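Visitor: Please find input_21.cif (mmCIF, C-alpha atoms) on the next line:
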data_input
loop_
_atom_site.group_PDB
_atom_site.id
_atom_site.type_symbol
_atom_site.label_atom_id
_atom_site.label_comp_id
_atom_site.auth_asym_id
_atom_site.auth_seq_id
_atom_site.Cartn_x
_atom_site.Cartn_y
_atom_site.Cartn_z
ATOM 1 C CA MET A 6 -6.171 -5.042 -16.494
ATOM 2 C CA PRO A 7 -7.106 -4.802 -12.803
ATOM 3 C CA THR A 8 -5.933 -2.006 -10.545
ATOM 4 C CA THR A 9 -2.809 -3.001 -8.621
ATOM 5 C CA TYR A 10 -1.372 -1.636 -5.403
ATOM 6 C CA GLN A 11 2.106 -1.540 -3.954
ATOM 7 C CA ILE A 12 2.281 -1.319 -0.169
ATOM 8 C CA VAL A 13 5.636 0.143 0.868
ATOM 9 C CA ALA A 14 6.745 0.219 4.501
ATOM 10 C CA LEU A 15 8.551 3.375 5.569
ATOM 11 C CA SER A 16 11.923 2.824 7.196
ATOM 12 C CA SER A 17 14.966 4.723 8.386
ATOM 13 C CA LEU A 18 16.739 3.687 5.161
ATOM 14 C CA GLU A 19 13.803 4.790 2.987
ATOM 15 C CA PRO A 20 11.792 7.293 5.065
ATOM 16 C CA GLY A 21 9.862 8.571 2.040
ATOM 17 C CA GLY A 22 8.783 5.102 0.979
ATOM 18 C CA SER A 23 9.302 5.973 -2.675
ATOM 19 C CA ASP A 24 11.437 2.972 -3.715
ATOM 20 C CA THR A 25 8.959 0.511 -5.195
ATOM 21 C CA ARG A 26 11.424 -1.612 -7.208
ATOM 22 C CA ASP A 27 11.239 -4.660 -4.945
ATOM 23 C CA GLU A 28 7.594 -4.350 -3.952
ATOM 24 C CA PRO A 29 5.063 -6.721 -5.524
ATOM 25 C CA LYS A 30 2.018 -5.380 -7.345
ATOM 26 C CA LEU A 31 -1.029 -6.711 -5.510
ATOM 27 C CA VAL A 32 -4.732 -6.787 -6.273
ATOM 28 C CA PHE A 33 -6.936 -5.180 -3.646
ATOM 29 C CA PRO A 34 -7.685 -8.034 -1.218
ATOM 30 C CA ASP A 35 -3.991 -8.911 -0.981
ATOM 31 C CA ALA A 36 -2.981 -5.246 -0.692
ATOM 32 C CA LEU A 37 -5.429 -4.785 2.168
ATOM 33 C CA LYS A 38 -3.975 -7.827 3.955
ATOM 34 C CA ALA A 39 -0.418 -6.499 3.483
ATOM 35 C CA ALA A 40 -1.432 -3.100 4.845
ATOM 36 C CA GLN A 41 -3.126 -4.742 7.844
ATOM 37 C CA VAL A 42 0.045 -6.708 8.631
ATOM 38 C CA LEU A 43 2.134 -3.514 8.592
ATOM 39 C CA LYS A 44 -0.398 -1.701 10.764
ATOM 40 C CA ASN A 45 -0.409 -4.588 13.254
ATOM 41 C CA GLN A 46 3.401 -4.344 13.381
ATOM 42 C CA GLY A 47 3.147 -0.619 14.098
ATOM 43 C CA LYS A 48 4.833 0.342 10.825
ATOM 44 C CA ALA A 49 3.933 3.324 8.678
ATOM 45 C CA PHE A 50 3.332 2.626 5.013
ATOM 46 C CA ARG A 51 2.632 4.299 1.708
ATOM 47 C CA VAL A 52 0.375 3.018 -1.062
ATOM 48 C CA PHE A 53 1.117 3.327 -4.774
ATOM 49 C CA VAL A 54 -1.697 2.621 -7.217
ATOM 50 C CA ASP A 55 -1.495 1.556 -10.847
ATOM 51 C CA GLY A 56 -4.873 1.930 -12.536
ATOM 52 C CA GLU A 57 -8.195 3.408 -11.482
ATOM 53 C CA PRO A 58 -8.861 2.544 -7.835
ATOM 54 C CA ALA A 59 -12.342 2.328 -6.382
ATOM 55 C CA VAL A 60 -13.046 5.021 -3.793
ATOM 56 C CA ASP A 61 -13.999 2.439 -1.157
ATOM 57 C CA GLN A 62 -10.708 0.590 -1.702
ATOM 58 C CA LEU A 63 -8.650 3.745 -1.164
ATOM 59 C CA LYS A 64 -10.736 4.593 1.893
ATOM 60 C CA ALA A 65 -10.080 1.152 3.389
ATOM 61 C CA LEU A 66 -6.323 1.593 2.936
ATOM 62 C CA ASN A 67 -6.399 5.145 4.290
ATOM 63 C CA ASP A 68 -8.433 3.954 7.284
ATOM 64 C CA LEU A 69 -5.540 1.609 8.101
ATOM 65 C CA GLY A 70 -3.195 4.593 8.160
ATOM 66 C CA ALA A 71 -1.698 4.804 4.669
ATOM 67 C CA ILE A 72 0.467 7.899 4.291
ATOM 68 C CA GLU A 73 -0.299 9.941 1.200
#
Now, as a test, write the supplied structure out as structure tokens.

Guide:
Amino acid sequence: MPTTYQIVALSSLEPGGSDTRDEPKLVFPDALKAAQVLKNQGKAFRVFVDGEPAVDQLKALNDLGAIE
């Protein structure tokens, strides 16, 4: 099973970004695109990972500003 990512935008209603119920589980290329869209919109986001992520994949998401 591939590693999946959930990209969760932080908001005033959910400032911790911990509610992942409605967020899709994405494979890396799609997760990176989703994170890029949020960054371009000026939104903060958090990344949740299911599986064993590659170090370079986590670095790419962190480079876009993912909040840990």

Visitor: Going by the chain IDs and residue numbers used in this file, which residues fall under the PyMOL selection byres ((chain A and resi 13-18) around 6)? Write them as a list in words.

Guide: Ile12, Glu19, Pro20, Gly22, Ala49, Phe50 and Arg51 of chain A

Visitor: Which residues would end up in the selection if the PyMOL selection byres ((chain A and resi 30) around 8) were applied here, given that I need the answer as a PyMOL selection string?

Guide: chain A and resi 9-11+28-29+31-32

Visitor: Go through A:Val54, A:Asp27, A:Leu69, A:Leu63 and flag the residue nearest Ala39 of chain A, using all atoms listed in the file for the distances.

Guide: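 Comparing A:Val54, A:Asp27, A:Leu69, A:Leu63 against Ala39 of chain A, the winner is A:Leu69.
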
Visitor: Would you kindly translate the PyMOL selection byres ((chain A and resi 66) around 12) into the concrete residues it picks from this file, as number ranges by chain?

Guide: A: 10-12, 33-44, 49-54, 58-65, 67-73

Visitor: Around all the atoms of segment 6-25 of chain A listed in the file, draw an axis-aligned box and extend it by 4 Å on each of the six sides; I want its centre and edge lengths in Å to one decimal, as AutoDock Vina command-line options.

Guide:
--center_x 4.8 --center_y 1.8 --center_z -4.1 --size_x 31.8 --size_y 21.6 --size_z 32.9

Visitor: Please return segment 17-28 of chain A, rebuilt to all heavy atoms, as a compact mmCIF listing (two decimals), keeping the file's coordinate frame.

Guide:
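So selection-v8.txt came out as:
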# COMPACT_ATOMS: atom_id res chain seq x y z
N SER A 17 13.91 3.73 8.22
CA SER A 17 14.97 4.72 8.39
C SER A 17 15.85 4.80 7.14
O SER A 17 16.41 5.84 6.84
CB SER A 17 15.81 4.41 9.62
OG SER A 17 16.39 3.13 9.50
N LEU A 18 15.96 3.68 6.40
CA LEU A 18 16.74 3.69 5.16
C LEU A 18 15.98 4.32 4.01
O LEU A 18 16.58 4.87 3.09
CB LEU A 18 17.14 2.26 4.77
CG LEU A 18 18.04 1.54 5.76
CD1 LEU A 18 18.28 0.10 5.31
CD2 LEU A 18 19.36 2.28 5.92
N GLU A 19 14.66 4.24 4.04
CA GLU A 19 13.80 4.79 2.99
C GLU A 19 12.61 5.48 3.64
O GLU A 19 11.47 5.02 3.57
CB GLU A 19 13.34 3.66 2.05
CG GLU A 19 12.49 4.09 0.89
CD GLU A 19 13.15 5.10 -0.05
OE1 GLU A 19 14.33 4.95 -0.36
OE2 GLU A 19 12.47 6.04 -0.45
N PRO A 20 12.87 6.64 4.31
CA PRO A 20 11.79 7.29 5.07
C PRO A 20 10.66 7.82 4.20
O PRO A 20 9.54 7.96 4.67
CB PRO A 20 12.51 8.43 5.80
CG PRO A 20 13.76 8.66 5.03
CD PRO A 20 14.12 7.34 4.42
N GLY A 21 10.92 8.08 2.93
CA GLY A 21 9.86 8.57 2.04
C GLY A 21 9.02 7.47 1.44
O GLY A 21 7.95 7.70 0.91
N GLY A 22 9.52 6.24 1.52
CA GLY A 22 8.78 5.10 0.98
C GLY A 22 8.56 5.18 -0.52
O GLY A 22 7.57 4.70 -1.02
N SER A 23 9.50 5.78 -1.25
CA SER A 23 9.30 5.97 -2.68
C SER A 23 9.96 4.90 -3.54
O SER A 23 9.72 4.85 -4.74
CB SER A 23 9.82 7.35 -3.10
OG SER A 23 11.19 7.46 -2.79
N ASP A 24 10.76 4.03 -2.95
CA ASP A 24 11.44 2.97 -3.72
C ASP A 24 10.51 1.76 -3.83
O ASP A 24 10.33 1.01 -2.89
CB ASP A 24 12.74 2.59 -3.04
CG ASP A 24 13.54 1.58 -3.84
OD1 ASP A 24 13.11 1.21 -4.96
OD2 ASP A 24 14.60 1.15 -3.35
N THR A 25 9.92 1.60 -5.00
CA THR A 25 8.96 0.51 -5.20
C THR A 25 9.54 -0.65 -6.01
O THR A 25 8.81 -1.58 -6.34
CB THR A 25 7.70 1.04 -5.91
OG1 THR A 25 8.08 1.55 -7.20
CG2 THR A 25 7.01 2.12 -5.10
N ARG A 26 10.82 -0.61 -6.32
CA ARG A 26 11.42 -1.61 -7.21
C ARG A 26 11.22 -3.06 -6.74
O ARG A 26 10.99 -3.94 -7.55
CB ARG A 26 12.92 -1.36 -7.38
CG ARG A 26 13.23 -0.13 -8.19
CD ARG A 26 14.69 0.09 -8.23
NE ARG A 26 15.10 0.49 -6.87
CZ ARG A 26 16.33 0.79 -6.54
NH1 ARG A 26 17.30 0.70 -7.42
NH2 ARG A 26 16.62 1.16 -5.31
N ASP A 27 11.32 -3.29 -5.46
CA ASP A 27 11.24 -4.66 -4.94
C ASP A 27 9.88 -5.00 -4.37
O ASP A 27 9.70 -6.08 -3.79
CB ASP A 27 12.31 -4.89 -3.88
CG ASP A 27 13.72 -4.80 -4.45
OD1 ASP A 27 13.90 -5.16 -5.62
OD2 ASP A 27 14.62 -4.35 -3.72
N GLU A 28 8.92 -4.12 -4.52
CA GLU A 28 7.59 -4.35 -3.95
C GLU A 28 6.67 -5.00 -4.98
O GLU A 28 6.60 -4.55 -6.13
CB GLU A 28 6.98 -3.04 -3.48
CG GLU A 28 7.81 -2.31 -2.45
CD GLU A 28 8.03 -3.12 -1.18
OE1 GLU A 28 7.16 -3.93 -0.82
OE2 GLU A 28 9.07 -2.92 -0.54
